[in-house]
file structure_9.cif (mmCIF, C-alpha atoms)
data_model
loop_
_atom_site.group_PDB
_atom_site.id
_atom_site.type_symbol
_atom_site.label_atom_id
_atom_site.label_comp_id
_atom_site.auth_asym_id
_atom_site.auth_seq_id
_atom_site.Cartn_x
_atom_site.Cartn_y
_atom_site.Cartn_z
ATOM 1 C CA MET V 265 12.788 -8.170 -3.980
ATOM 2 C CA VAL V 266 10.712 -5.002 -3.703
ATOM 3 C CA CYS V 267 6.986 -5.708 -3.300
ATOM 4 C CA SER V 268 4.049 -3.483 -4.100
ATOM 5 C CA MET V 269 1.179 -3.199 -1.627
ATOM 6 C CA THR V 270 -1.257 -3.653 -4.509
ATOM 7 C CA GLY V 271 -2.072 -7.257 -5.346
ATOM 8 C CA TYR V 272 -4.710 -9.886 -6.065
ATOM 9 C CA GLY V 273 -4.836 -13.629 -5.531
ATOM 10 C CA ARG V 274 -7.451 -16.384 -5.730
ATOM 11 C CA ALA V 275 -7.492 -20.111 -5.050
ATOM 12 C CA LYS V 276 -10.133 -22.844 -4.865
ATOM 13 C CA GLU V 277 -9.777 -26.353 -3.450
ATOM 14 C CA THR V 278 -12.049 -29.212 -2.365
ATOM 15 C CA ILE V 279 -10.922 -30.432 1.042
ATOM 16 C CA ASN V 280 -12.836 -32.740 3.414
ATOM 17 C CA ASN V 281 -16.066 -32.524 1.386
ATOM 18 C CA ARG V 282 -15.966 -28.735 1.237
ATOM 19 C CA ASP V 283 -15.423 -26.441 -1.729
ATOM 20 C CA ILE V 284 -13.271 -23.650 -0.256
ATOM 21 C CA THR V 285 -12.601 -20.486 -2.248
ATOM 22 C CA VAL V 286 -10.290 -17.761 -0.960
ATOM 23 C CA GLU V 287 -9.874 -14.431 -2.720
ATOM 24 C CA LEU V 288 -7.725 -11.581 -1.464
ATOM 25 C CA ARG V 289 -6.914 -8.139 -2.754
ATOM 26 C CA SER V 290 -5.013 -5.208 -1.299
ATOM 27 C CA VAL V 291 -4.207 -1.545 -1.809
ATOM 28 C CA ASN V 292 -1.654 0.713 -0.169
ATOM 29 C CA ASN V 293 -2.084 1.702 3.451
ATOM 30 C CA ARG V 294 0.250 3.050 6.104
ATOM 31 C CA PHE V 295 -0.218 -0.009 8.329
ATOM 32 C CA LEU V 296 -1.628 -3.529 7.921
ATOM 33 C CA ASP V 297 -5.422 -3.443 7.948
ATOM 34 C CA CYS V 298 -6.925 -6.869 7.284
ATOM 35 C CA THR V 299 -10.668 -7.460 6.844
ATOM 36 C CA VAL V 300 -12.025 -11.014 6.520
ATOM 37 C CA LYS V 301 -15.433 -11.678 5.012
ATOM 38 C CA ILE V 302 -16.564 -15.221 5.776
ATOM 39 C CA PRO V 303 -19.960 -16.910 6.359
ATOM 40 C CA ARG V 304 -21.184 -16.078 9.855
ATOM 41 C CA VAL V 305 -21.216 -19.711 10.962
ATOM 42 C CA TYR V 306 -17.460 -19.868 10.391
ATOM 43 C CA THR V 307 -16.467 -16.563 12.011
ATOM 44 C CA LEU V 308 -14.408 -18.412 14.632
ATOM 45 C CA CYS V 309 -11.926 -19.202 11.835
ATOM 46 C CA GLU V 310 -11.260 -15.501 11.276
ATOM 47 C CA ASP V 311 -8.376 -15.249 13.757
ATOM 48 C CA ALA V 312 -6.486 -18.078 12.067
ATOM 49 C CA ILE V 313 -6.872 -16.370 8.681
ATOM 50 C CA LYS V 314 -5.658 -13.011 10.001
ATOM 51 C CA GLY V 315 -2.730 -14.714 11.700
ATOM 52 C CA ARG V 316 -1.649 -16.257 8.396
ATOM 53 C CA ILE V 317 -1.995 -12.893 6.625
ATOM 54 C CA GLN V 318 0.181 -11.175 9.235
ATOM 55 C CA LYS V 319 2.975 -13.675 8.567
ATOM 56 C CA SER V 320 3.034 -12.817 4.852
ATOM 57 C CA ILE V 321 2.072 -9.144 4.674
ATOM 58 C CA THR V 322 3.316 -6.227 6.767
ATOM 59 C CA ARG V 323 1.518 -3.222 5.227
ATOM 60 C CA GLY V 324 -1.581 -2.557 3.153
ATOM 61 C CA LYS V 325 -5.378 -2.594 3.245
ATOM 62 C CA VAL V 326 -6.117 -6.301 2.700
ATOM 63 C CA ASP V 327 -9.584 -7.731 2.052
ATOM 64 C CA VAL V 328 -10.022 -11.503 2.276
ATOM 65 C CA PHE V 329 -13.160 -13.193 0.938
ATOM 66 C CA VAL V 330 -13.861 -16.799 1.944
ATOM 67 C CA THR V 331 -16.624 -18.968 0.447
ATOM 68 C CA ILE V 332 -17.357 -22.464 1.812
ATOM 69 C CA VAL V 333 -19.796 -24.904 0.211
ATOM 70 C CA SER V 334 -20.381 -28.353 1.731
ATOM 71 C CA VAL V 335 -20.247 -31.136 -0.846
ATOM 72 C CA GLY V 336 -21.241 -34.161 1.274
ATOM 73 C CA ALA V 337 -24.897 -34.753 2.213
ATOM 74 C CA GLU V 338 -23.817 -36.081 5.588
ATOM 75 C CA ALA V 339 -23.046 -32.554 6.644
ATOM 76 C CA THR V 340 -26.754 -31.870 7.269
ATOM 77 C CA THR V 341 -29.523 -33.802 9.043
ATOM 78 C CA VAL V 342 -33.301 -33.363 8.690
ATOM 79 C CA HIS V 343 -35.398 -33.916 11.843
ATOM 80 C CA VAL V 344 -39.200 -34.324 12.102
ATOM 81 C CA ASN V 345 -41.012 -32.774 15.034
ATOM 82 C CA HIS V 346 -43.574 -35.569 15.376
ATOM 83 C CA ASP V 347 -45.469 -34.044 18.286
ATOM 84 C CA LEU V 348 -45.931 -30.795 16.385
ATOM 85 C CA ALA V 349 -46.903 -32.638 13.179
ATOM 86 C CA ALA V 350 -49.504 -34.701 15.073
ATOM 87 C CA GLY V 351 -50.947 -31.530 16.540
ATOM 88 C CA TYR V 352 -51.321 -29.986 13.070
ATOM 89 C CA VAL V 353 -53.037 -33.177 11.754
ATOM 90 C CA ARG V 354 -55.517 -33.236 14.635
ATOM 91 C CA ALA V 355 -56.305 -29.583 14.152
ATOM 92 C CA LEU V 356 -56.868 -30.044 10.405
ATOM 93 C CA ARG V 357 -59.174 -33.032 10.890
ATOM 94 C CA SER V 358 -61.117 -31.146 13.525
ATOM 95 C CA MET V 359 -61.610 -28.295 11.076
ATOM 96 C CA ALA V 360 -62.751 -30.719 8.383
ATOM 97 C CA GLU V 361 -65.394 -32.300 10.682
ATOM 98 C CA THR V 362 -66.576 -28.992 12.110
ATOM 99 C CA TYR V 363 -67.007 -27.220 8.800
ATOM 100 C CA GLY V 364 -67.823 -30.180 6.597
ATOM 101 C CA LEU V 365 -64.673 -29.848 4.545
ATOM 102 C CA ARG V 366 -62.981 -32.511 2.445
ATOM 103 C CA ASP V 367 -60.222 -34.229 4.336
ATOM 104 C CA ASP V 368 -57.339 -33.877 1.865
ATOM 105 C CA ILE V 369 -54.467 -33.842 4.334
ATOM 106 C CA SER V 370 -51.174 -34.970 2.805
ATOM 107 C CA VAL V 371 -47.589 -35.230 3.949
ATOM 108 C CA MET V 372 -46.626 -32.208 1.869
ATOM 109 C CA ASN V 373 -49.387 -30.134 3.446
ATOM 110 C CA VAL V 374 -48.180 -30.887 6.952
ATOM 111 C CA ALA V 375 -44.484 -30.507 6.084
ATOM 112 C CA ARG V 376 -45.078 -26.930 4.964
ATOM 113 C CA PHE V 377 -46.067 -25.832 8.454
ATOM 114 C CA SER V 378 -43.437 -23.970 10.422
ATOM 115 C CA ASP V 379 -40.975 -26.016 12.507
ATOM 116 C CA VAL V 380 -42.365 -29.421 11.451
ATOM 117 C CA LEU V 381 -39.099 -30.108 9.663
ATOM 118 C CA ALA V 382 -35.800 -28.898 11.100
ATOM 119 C CA VAL V 383 -32.476 -28.996 9.296
ATOM 120 C CA THR V 384 -29.362 -29.078 11.451
ATOM 121 C CA LYS V 385 -25.723 -29.111 10.479
ATOM 122 C CA ALA V 386 -23.390 -31.623 12.006
ATOM 123 C CA ASP V 387 -20.906 -30.240 14.501
ATOM 124 C CA GLU V 388 -17.738 -29.232 12.689
ATOM 125 C CA ASP V 389 -14.160 -29.264 13.853
ATOM 126 C CA LEU V 390 -13.425 -25.555 13.462
ATOM 127 C CA GLU V 391 -9.722 -26.066 14.137
ATOM 128 C CA SER V 392 -9.522 -28.522 11.253
ATOM 129 C CA LEU V 393 -11.624 -26.219 9.071
ATOM 130 C CA SER V 394 -9.325 -23.282 9.872
ATOM 131 C CA ALA V 395 -6.347 -25.362 8.771
ATOM 132 C CA ASP V 396 -8.124 -26.245 5.504
ATOM 133 C CA ILE V 397 -8.954 -22.599 4.842
ATOM 134 C CA CYS V 398 -5.353 -21.596 5.518
ATOM 135 C CA THR V 399 -4.159 -24.263 3.081
ATOM 136 C CA VAL V 400 -6.239 -22.642 0.333
ATOM 137 C CA LEU V 401 -5.208 -19.194 1.564
ATOM 138 C CA ASP V 402 -1.543 -20.122 1.130
ATOM 139 C CA LYS V 403 -2.180 -20.974 -2.522
ATOM 140 C CA ALA V 404 -4.014 -17.690 -3.031
ATOM 141 C CA LEU V 405 -1.074 -15.888 -1.410
ATOM 142 C CA GLU V 406 1.314 -17.462 -3.925
ATOM 143 C CA GLY V 407 -0.432 -15.790 -6.858
ATOM 144 C CA TYR V 408 -0.945 -12.652 -4.820
ATOM 145 C CA ASN V 409 2.764 -12.354 -4.028
ATOM 146 C CA VAL V 410 3.772 -12.984 -7.636
ATOM 147 C CA MET V 411 1.608 -10.045 -8.676
ATOM 148 C CA ARG V 412 3.045 -7.854 -5.921
ATOM 149 C CA GLU V 413 6.612 -8.743 -6.890
ATOM 150 C CA THR V 414 5.935 -8.015 -10.558
ATOM 151 C CA GLU V 415 4.456 -4.638 -9.699
ATOM 152 C CA GLY V 416 7.270 -3.980 -7.222
ATOM 153 C CA GLU V 417 9.914 -4.589 -9.878
ATOM 154 C CA LYS V 418 8.273 -2.016 -12.146
ATOM 155 C CA LEU V 419 8.264 0.480 -9.285
ATOM 156 C CA ARG V 420 11.932 -0.252 -8.545
ATOM 157 C CA ILE V 421 12.978 0.372 -12.158
ATOM 158 C CA ASP V 422 11.016 3.618 -12.327
ATOM 159 C CA ILE V 423 12.504 4.881 -9.041
ATOM 160 C CA GLU V 424 16.029 3.875 -10.138
ATOM 161 C CA ASN V 425 15.637 5.929 -13.309
ATOM 162 C CA ARG V 426 14.434 8.934 -11.343
ATOM 163 C CA LEU V 427 17.308 8.599 -8.873
ATOM 164 C CA HIS V 428 19.691 8.767 -11.826
ATOM 165 C CA THR V 429 17.948 11.963 -12.964
ATOM 166 C CA ILE V 430 18.319 13.428 -9.460
ATOM 167 C CA GLU V 431 22.053 12.669 -9.528
ATOM 168 C CA GLU V 432 22.415 14.399 -12.895
ATOM 169 C CA LEU V 433 20.540 17.464 -11.665
ATOM 170 C CA THR V 434 22.664 17.546 -8.495
ATOM 171 C CA LYS V 435 25.789 17.409 -10.624
ATOM 172 C CA LYS V 436 24.579 20.376 -12.686
ATOM 173 C CA ILE V 437 23.851 22.348 -9.497
ATOM 174 C CA GLU V 438 27.362 21.580 -8.192
ATOM 175 C CA ILE V 439 28.888 22.813 -11.470
ATOM 176 C CA ARG V 440 26.740 25.908 -11.698
ATOM 177 C CA SER V 441 26.881 27.045 -8.054
ATOM 178 C CA PRO V 442 30.557 28.236 -8.007
ATOM 179 C CA LYS V 443 29.982 30.148 -11.229
ATOM 180 C CA THR V 444 27.282 32.205 -9.550
ATOM 181 C CA VAL V 445 29.875 33.488 -7.058
ATOM 182 C CA ALA V 446 32.253 34.556 -9.854
ATOM 183 C CA GLU V 447 29.408 36.267 -11.693
ATOM 184 C CA TYR V 448 28.357 38.023 -8.477
ATOM 185 C CA ARG V 449 31.913 39.293 -8.002
ATOM 186 C CA GLU V 450 31.952 40.651 -11.569
ATOM 187 C CA ARG V 451 28.604 42.389 -11.080
ATOM 188 C CA LEU V 452 29.706 43.826 -7.742
ATOM 189 C CA THR V 453 32.930 45.177 -9.257
ATOM 190 C CA ALA V 454 31.072 46.764 -12.163
ATOM 191 C CA LYS V 455 28.507 48.304 -9.808
ATOM 192 C CA MET V 456 31.135 49.795 -7.529
ATOM 193 C CA LYS V 457 32.993 51.278 -10.478
ATOM 194 C CA GLU V 458 29.754 52.798 -11.699
ATOM 195 C CA VAL V 459 28.868 54.243 -8.314
ATOM 196 C CA LEU V 460 32.369 55.492 -7.479
ATOM 197 C CA GLN V 461 33.053 56.559 -11.080
ATOM 198 C CA SER V 462 36.584 55.408 -10.726
ATOM 199 C CA THR V 463 38.676 52.607 -12.080
ATOM 200 C CA THR V 464 40.407 52.243 -8.748
ATOM 201 C CA ILE V 465 38.417 50.312 -6.163
ATOM 202 C CA ASP V 466 39.139 48.490 -2.931
ATOM 203 C CA GLU V 467 39.890 44.944 -4.080
ATOM 204 C CA SER V 468 39.859 43.631 -0.506
ATOM 205 C CA ARG V 469 36.311 44.920 -0.064
ATOM 206 C CA ILE V 470 35.284 43.081 -3.235
ATOM 207 C CA LEU V 471 36.879 39.884 -1.995
ATOM 208 C CA MET V 472 35.178 40.183 1.384
ATOM 209 C CA GLU V 473 31.746 40.762 -0.150
ATOM 210 C CA ALA V 474 32.252 37.878 -2.555
ATOM 211 C CA ALA V 475 33.307 35.610 0.321
ATOM 212 C CA VAL V 476 30.189 36.511 2.297
ATOM 213 C CA TYR V 477 28.041 35.858 -0.756
ATOM 214 C CA ALA V 478 29.818 32.553 -1.466
ATOM 215 C CA ASP V 479 29.199 31.382 2.086
ATOM 216 C CA LYS V 480 25.553 32.397 1.828
ATOM 217 C CA VAL V 481 24.851 30.530 -1.413
ATOM 218 C CA ALA V 482 27.150 27.523 -0.857
ATOM 219 C CA VAL V 483 25.220 24.290 -1.323
ATOM 220 C CA ASP V 484 28.066 21.785 -0.979
ATOM 221 C CA GLU V 485 26.701 20.295 2.232
ATOM 222 C CA GLU V 486 23.229 19.935 0.764
ATOM 223 C CA THR V 487 24.410 18.281 -2.460
ATOM 224 C CA VAL V 488 26.578 15.854 -0.479
ATOM 225 C CA ARG V 489 23.563 14.857 1.589
ATOM 226 C CA LEU V 490 21.428 14.594 -1.546
ATOM 227 C CA ARG V 491 23.905 12.119 -3.018
ATOM 228 C CA SER V 492 24.083 10.217 0.267
ATOM 229 C CA HIS V 493 20.286 9.857 0.446
ATOM 230 C CA VAL V 494 20.177 8.723 -3.180
ATOM 231 C CA ASP V 495 22.808 6.051 -2.468
ATOM 232 C CA GLN V 496 20.924 4.822 0.603
ATOM 233 C CA LEU V 497 17.648 4.608 -1.297
ATOM 234 C CA ARG V 498 19.330 2.756 -4.154
ATOM 235 C CA ASN V 499 20.823 0.255 -1.686
ATOM 236 C CA MET V 500 17.371 -0.307 -0.180
ATOM 237 C CA LEU V 501 15.922 -1.031 -3.592
ATOM 238 C CA THR V 502 18.729 -3.482 -4.305
ATOM 239 C CA CYS V 503 18.387 -5.339 -0.999
ATOM 240 C CA GLY V 504 14.570 -5.374 -1.160
ATOM 241 C CA GLY V 505 12.354 -6.505 1.688
ATOM 242 C CA VAL V 506 10.064 -4.247 3.697
ATOM 243 C CA ILE V 507 11.494 -0.813 2.870
ATOM 244 C CA GLY V 508 8.438 1.416 2.416
ATOM 245 C CA ARG V 509 8.631 3.419 5.648
ATOM 246 C CA LYS V 510 12.413 3.869 5.556
ATOM 247 C CA ALA V 511 12.244 4.946 1.926
ATOM 248 C CA ASP V 512 9.489 7.412 2.756
ATOM 249 C CA PHE V 513 11.722 8.961 5.432
ATOM 250 C CA LEU V 514 14.602 9.317 2.956
ATOM 251 C CA ILE V 515 12.315 11.017 0.454
ATOM 252 C CA GLN V 516 11.366 13.564 3.115
ATOM 253 C CA GLU V 517 15.069 14.224 3.655
ATOM 254 C CA LEU V 518 15.685 14.568 -0.087
ATOM 255 C CA ASN V 519 12.867 17.067 -0.282
ATOM 256 C CA ARG V 520 14.232 19.027 2.682
ATOM 257 C CA GLU V 521 17.710 19.293 1.133
ATOM 258 C CA SER V 522 16.302 20.382 -2.233
ATOM 259 C CA ASN V 523 14.255 23.082 -0.478
ATOM 260 C CA THR V 524 17.409 24.352 1.230
ATOM 261 C CA VAL V 525 19.274 24.492 -2.078
ATOM 262 C CA GLY V 526 16.390 26.408 -3.619
ATOM 263 C CA SER V 527 16.267 28.928 -0.778
ATOM 264 C CA LYS V 528 20.030 29.581 -0.943
ATOM 265 C CA CYS V 529 20.389 30.090 -4.677
ATOM 266 C CA CYS V 530 19.050 33.147 -6.455
ATOM 267 C CA ASP V 531 20.428 32.070 -9.817
ATOM 268 C CA LEU V 532 17.759 31.368 -12.445
ATOM 269 C CA GLU V 533 19.546 28.348 -13.883
ATOM 270 C CA VAL V 534 20.003 26.721 -10.474
ATOM 271 C CA THR V 535 16.363 27.467 -9.662
ATOM 272 C CA GLU V 536 15.288 25.588 -12.777
ATOM 273 C CA TYR V 537 17.409 22.612 -11.733
ATOM 274 C CA VAL V 538 15.854 22.683 -8.257
ATOM 275 C CA VAL V 539 12.322 22.774 -9.686
ATOM 276 C CA SER V 540 13.106 19.702 -11.811
ATOM 277 C CA LEU V 541 14.760 18.064 -8.804
ATOM 278 C CA LYS V 542 11.703 18.559 -6.616
ATOM 279 C CA ALA V 543 9.435 17.239 -9.380
ATOM 280 C CA GLU V 544 11.439 13.988 -9.539
ATOM 281 C CA ILE V 545 11.431 13.653 -5.746
ATOM 282 C CA GLU V 546 7.659 14.085 -5.661
ATOM 283 C CA LYS V 547 7.199 11.413 -8.317
ATOM 284 C CA ILE V 548 9.381 9.023 -6.313
ATOM 285 C CA ARG V 549 7.399 9.829 -3.183
ATOM 286 C CA GLU V 550 4.173 8.859 -4.971
ATOM 287 C CA GLN V 551 5.687 5.577 -6.112
ATOM 288 C CA ILE V 552 7.025 4.742 -2.659
ATOM 289 C CA GLN V 553 3.524 5.064 -1.214
ATOM 290 C CA ASN V 554 2.792 1.781 -3.047
ATOM 291 C CA ILE V 555 5.847 -0.115 -1.762
ATOM 292 C CA GLU V 556 5.500 -2.448 1.215
#
call {"tool": "encode", "arguments": {"input": "structure_9.cif", "output": "structure tokens"}}
result
Amino acid sequence: MVCSMTGYGRAKETINNRDITVELRSVNNRFLDCTVKIPRVYTLCEDAIKGRIQKSITRGKVDVFVTIVSVGAEATTVHVNHDLAAGYVRALRSMAETYGLRDDISVMNVARFSDVLAVTKADEDLESLSADICTVLDKALEGYNVMRETEGEKLRIDIENRLHTIEELTKKIEIRSPKTVAEYRERLTAKMKEVLQSTTIDESRILMEAAVYADKVAVDEETVRLRSHVDQLRNMLTCGGVIGRKADFLIQELNRESNTVGSKCCDLEVTEYVVSLKAEIEKIREQIQNIE
């Protein structure tokens, strides 16, 4: 199965009194570049998340968003700093006596002072939490991979169709190329008759010139390699897997062969075929940039 590097997945689960939400999205990139955005208190879980991503994805710019909300009240503890609270009360009463103020001290008044109340979170087993996050991540990856496979299948079909077009254009070039030699020989014969003003010309000289021209414009080797590269790329698409970089290399080779054909042939019809050929190769190259 051919996979696109573009995908999206999301999953949410409640595990061990925590609501864990994992969202991931990716776009094409030459290598794997994974960024994890997670609450700072849980940053130690980041390596486990990246490790799980690396097992499932080989290329792409991947962004992972993790949200964790504690459900159980036992996860936090409120502590009272009694010494500090007593100090505030004494100070307030002293102010009331000194300035003749009404003593209206209440619990809420004292609690509002800084550091009187302290909220602490219970120590968490980060290894266990990492495992829980990865469990949710795996579910997000399921949807993510389905989307990538769906997109990859569309890319495969489009590339297959363009490969067929390239084969047809190559076939037309192979048919047309020998005709250009015959036409060149006819033009050369007519030109020599015109210049020499004679119906008798050196046939061996014509044959030699035509042979030199034929060797110069021959594209048999290039068209054979074009067909070979097309077959290899089609086999890659059929086998699937991680083929992006290999396919990109083959496209470079296809482009190189088409350039050679274009530089050898001076025939207008062949030139038009080459232009169309290069256009199809470029479109395939753009599509392959999205394949893992």
call {"tool": "resolve_selection", "arguments": {"input": "structure_9.cif", "expression": "the PyMOL selection byres ((chain V and resi 514) around 12)", "output": "CSV table (one decimal) with C-alpha atoms, in the coordinates of the input"}}
result
chain,number,residue,atom,x,y,z
V,489,ARG,CA,23.6,14.9,1.6
V,490,LEU,CA,21.4,14.6,-1.5
V,491,ARG,CA,23.9,12.1,-3.0
V,492,SER,CA,24.1,10.2,0.3
V,493,HIS,CA,20.3,9.9,0.4
V,494,VAL,CA,20.2,8.7,-3.2
V,495,ASP,CA,22.8,6.1,-2.5
V,496,GLN,CA,20.9,4.8,0.6
V,497,LEU,CA,17.6,4.6,-1.3
V,498,ARG,CA,19.3,2.8,-4.2
V,499,ASN,CA,20.8,0.3,-1.7
V,500,MET,CA,17.4,-0.3,-0.2
V,507,ILE,CA,11.5,-0.8,2.9
V,508,GLY,CA,8.4,1.4,2.4
V,509,ARG,CA,8.6,3.4,5.6
V,510,LYS,CA,12.4,3.9,5.6
V,511,ALA,CA,12.2,4.9,1.9
V,512,ASP,CA,9.5,7.4,2.8
V,513,PHE,CA,11.7,9.0,5.4
V,515,ILE,CA,12.3,11.0,0.5
V,516,GLN,CA,11.4,13.6,3.1
V,517,GLU,CA,15.1,14.2,3.7
V,518,LEU,CA,15.7,14.6,-0.1
V,519,ASN,CA,12.9,17.1,-0.3
V,520,ARG,CA,14.2,19.0,2.7
V,521,GLU,CA,17.7,19.3,1.1
V,545,ILE,CA,11.4,13.7,-5.7
V,548,ILE,CA,9.4,9.0,-6.3
V,549,ARG,CA,7.4,9.8,-3.2
V,552,ILE,CA,7.0,4.7,-2.7
call {"tool": "resolve_selection", "arguments": {"input": "structure_9.cif", "expression": "the PyMOL selection byres ((chain V and resi 322-324) around 7)", "output": "count of residues only"}}
result
15
call {"tool": "closest_residue", "arguments": {"input": "structure_9.cif", "among": "V:Ile313, V:Val525, V:Leu308, V:Val488", "to": "V:Ile397", "atoms": "all atoms listed in the file"}}
result
V:Ile313
call {"tool": "residues_around", "arguments": {"input": "structure_9.cif", "residues": "stretch 414-427 of chain V", "least_positions_apart": "5", "cutoff": "6 Å", "atoms": "all atoms listed in the file", "output": "count of residues only"}}
result
4
call {"tool": "closest_residue", "arguments": {"input": "structure_9.cif", "among": "V:Leu390, V:Ala360, V:Val286, V:Ala350", "to": "V:Tyr306", "atoms": "all atoms listed in the file"}}
result
V:Leu390
call {"tool": "axis_aligned_box", "arguments": {"input": "structure_9.cif", "around": "stretch 290-298 of chain V", "padding_each_side": "6 Å", "output": "JSON"}}
result
{"center_x": -3.3, "center_y": -1.9, "center_z": 3.3, "size_x": 19.2, "size_y": 21.9, "size_z": 22.1}
call {"tool": "atom_distance", "arguments": {"input": "structure_9.cif", "atom1": "atom CA of V:Arg440", "atom2": "atom CA of V:Val534"}}
result
6.9 Å
call {"tool": "atom_distance", "arguments": {"input": "structure_9.cif", "atom1": "atom CA of V:Val538", "atom2": "atom CA of V:Gly526"}}
result
6.0 Å
call {"tool": "atom_distance", "arguments": {"input": "structure_9.cif", "atom1": "atom CA of V:Asn409", "atom2": "atom CA of V:Met265"}}
result
10.9 Å
call {"tool": "closest_residue", "arguments": {"input": "structure_9.cif", "among": "V:Arg304, V:Arg289, V:Lys276, V:His343", "to": "V:Ile317", "atoms": "all atoms listed in the file"}}
result
V:Arg289
call {"tool": "residues_around", "arguments": {"input": "structure_9.cif", "residues": "V:Thr331", "least_positions_apart": "3", "cutoff": "9 Å", "atoms": "only C-alpha atoms", "output": "PyMOL selection string"}}
result
chain V and resi 283-287+301-303
call {"tool": "closest_residue", "arguments": {"input": "structure_9.cif", "among": "V:Ala543, V:Cys530, V:Glu391, V:Lys319", "to": "V:Leu405", "atoms": "only C-alpha atoms"}}
result
V:Lys319
call {"tool": "closest_residue", "arguments": {"input": "structure_9.cif", "among": "V:Leu401, V:Val344, V:Arg366, V:Leu356", "to": "V:Val300", "atoms": "only C-alpha atoms"}}
result
V:Leu401
call {"tool": "residues_around", "arguments": {"input": "structure_9.cif", "residues": "V:Gly407", "least_positions_apart": "5", "cutoff": "9 Å", "atoms": "only C-alpha atoms", "output": "mmCIF file with C-alpha atoms, in the coordinates of the input"}}
result
data_model
loop_
_atom_site.group_PDB
_atom_site.id
_atom_site.type_symbol
_atom_site.label_atom_id
_atom_site.label_comp_id
_atom_site.auth_asym_id
_atom_site.auth_seq_id
_atom_site.Cartn_x
_atom_site.Cartn_y
_atom_site.Cartn_z
ATOM 1 C CA GLY V 271 -2.072 -7.257 -5.346
ATOM 2 C CA TYR V 272 -4.710 -9.886 -6.065
ATOM 3 C CA GLY V 273 -4.836 -13.629 -5.531
ATOM 4 C CA ARG V 274 -7.451 -16.384 -5.730
ATOM 5 C CA ALA V 275 -7.492 -20.111 -5.050
ATOM 6 C CA ARG V 412 3.045 -7.854 -5.921
#
call {"tool": "resolve_selection", "arguments": {"input": "structure_9.cif", "expression": "the PyMOL selection byres ((chain V and resi 436) around 12)", "output": "PyMOL selection string"}}
result
chain V and resi 429-435+437-443+487+533-538+540-541
call {"tool": "closest_residue", "arguments": {"input": "structure_9.cif", "among": "V:Asp347, V:Glu546, V:Glu277, V:Asp484", "to": "V:Val335", "atoms": "only C-alpha atoms"}}
result
V:Glu277
call {"tool": "build_atoms", "arguments": {"input": "structure_9.cif", "residues": "stretch 406-416 of chain V", "atoms": "N, CA, C and O atoms", "output": "mmCIF file, in the frame of the given file"}}
result
data_model
loop_
_atom_site.group_PDB
_atom_site.id
_atom_site.type_symbol
_atom_site.label_atom_id
_atom_site.label_comp_id
_atom_site.auth_asym_id
_atom_site.auth_seq_id
_atom_site.Cartn_x
_atom_site.Cartn_y
_atom_site.Cartn_z
ATOM 1 N N GLU V 406 0.244 -17.254 -2.938
ATOM 2 C CA GLU V 406 1.314 -17.462 -3.925
ATOM 3 C C GLU V 406 1.087 -16.579 -5.151
ATOM 4 O O GLU V 406 1.996 -15.867 -5.602
ATOM 5 N N GLY V 407 -0.120 -16.634 -5.709
ATOM 6 C CA GLY V 407 -0.432 -15.790 -6.858
ATOM 7 C C GLY V 407 -0.421 -14.315 -6.501
ATOM 8 O O GLY V 407 0.016 -13.471 -7.287
ATOM 9 N N TYR V 408 -0.902 -14.029 -5.311
ATOM 10 C CA TYR V 408 -0.945 -12.652 -4.820
ATOM 11 C C TYR V 408 0.466 -12.060 -4.727
ATOM 12 O O TYR V 408 0.718 -10.930 -5.171
ATOM 13 N N ASN V 409 1.395 -12.839 -4.182
ATOM 14 C CA ASN V 409 2.764 -12.354 -4.028
ATOM 15 C C ASN V 409 3.490 -12.216 -5.362
ATOM 16 O O ASN V 409 4.322 -11.319 -5.526
ATOM 17 N N VAL V 410 3.181 -13.111 -6.298
ATOM 18 C CA VAL V 410 3.772 -12.984 -7.636
ATOM 19 C C VAL V 410 3.364 -11.657 -8.264
ATOM 20 O O VAL V 410 4.187 -10.950 -8.848
ATOM 21 N N MET V 411 2.094 -11.313 -8.122
ATOM 22 C CA MET V 411 1.608 -10.045 -8.676
ATOM 23 C C MET V 411 2.275 -8.862 -7.981
ATOM 24 O O MET V 411 2.672 -7.885 -8.625
ATOM 25 N N ARG V 412 2.419 -8.954 -6.667
ATOM 26 C CA ARG V 412 3.045 -7.854 -5.921
ATOM 27 C C ARG V 412 4.515 -7.687 -6.302
ATOM 28 O O ARG V 412 5.023 -6.565 -6.388
ATOM 29 N N GLU V 413 5.208 -8.809 -6.515
ATOM 30 C CA GLU V 413 6.612 -8.743 -6.890
ATOM 31 C C GLU V 413 6.784 -8.160 -8.295
ATOM 32 O O GLU V 413 7.712 -7.392 -8.544
ATOM 33 N N THR V 414 5.879 -8.546 -9.199
ATOM 34 C CA THR V 414 5.935 -8.015 -10.558
ATOM 35 C C THR V 414 5.734 -6.507 -10.560
ATOM 36 O O THR V 414 6.469 -5.748 -11.209
ATOM 37 N N GLU V 415 4.734 -6.070 -9.805
ATOM 38 C CA GLU V 415 4.456 -4.638 -9.699
ATOM 39 C C GLU V 415 5.602 -3.919 -8.990
ATOM 40 O O GLU V 415 5.995 -2.812 -9.367
ATOM 41 N N GLY V 416 6.160 -4.578 -7.967
ATOM 42 C CA GLY V 416 7.270 -3.980 -7.222
ATOM 43 C C GLY V 416 8.505 -3.784 -8.084
ATOM 44 O O GLY V 416 9.216 -2.775 -7.940
#
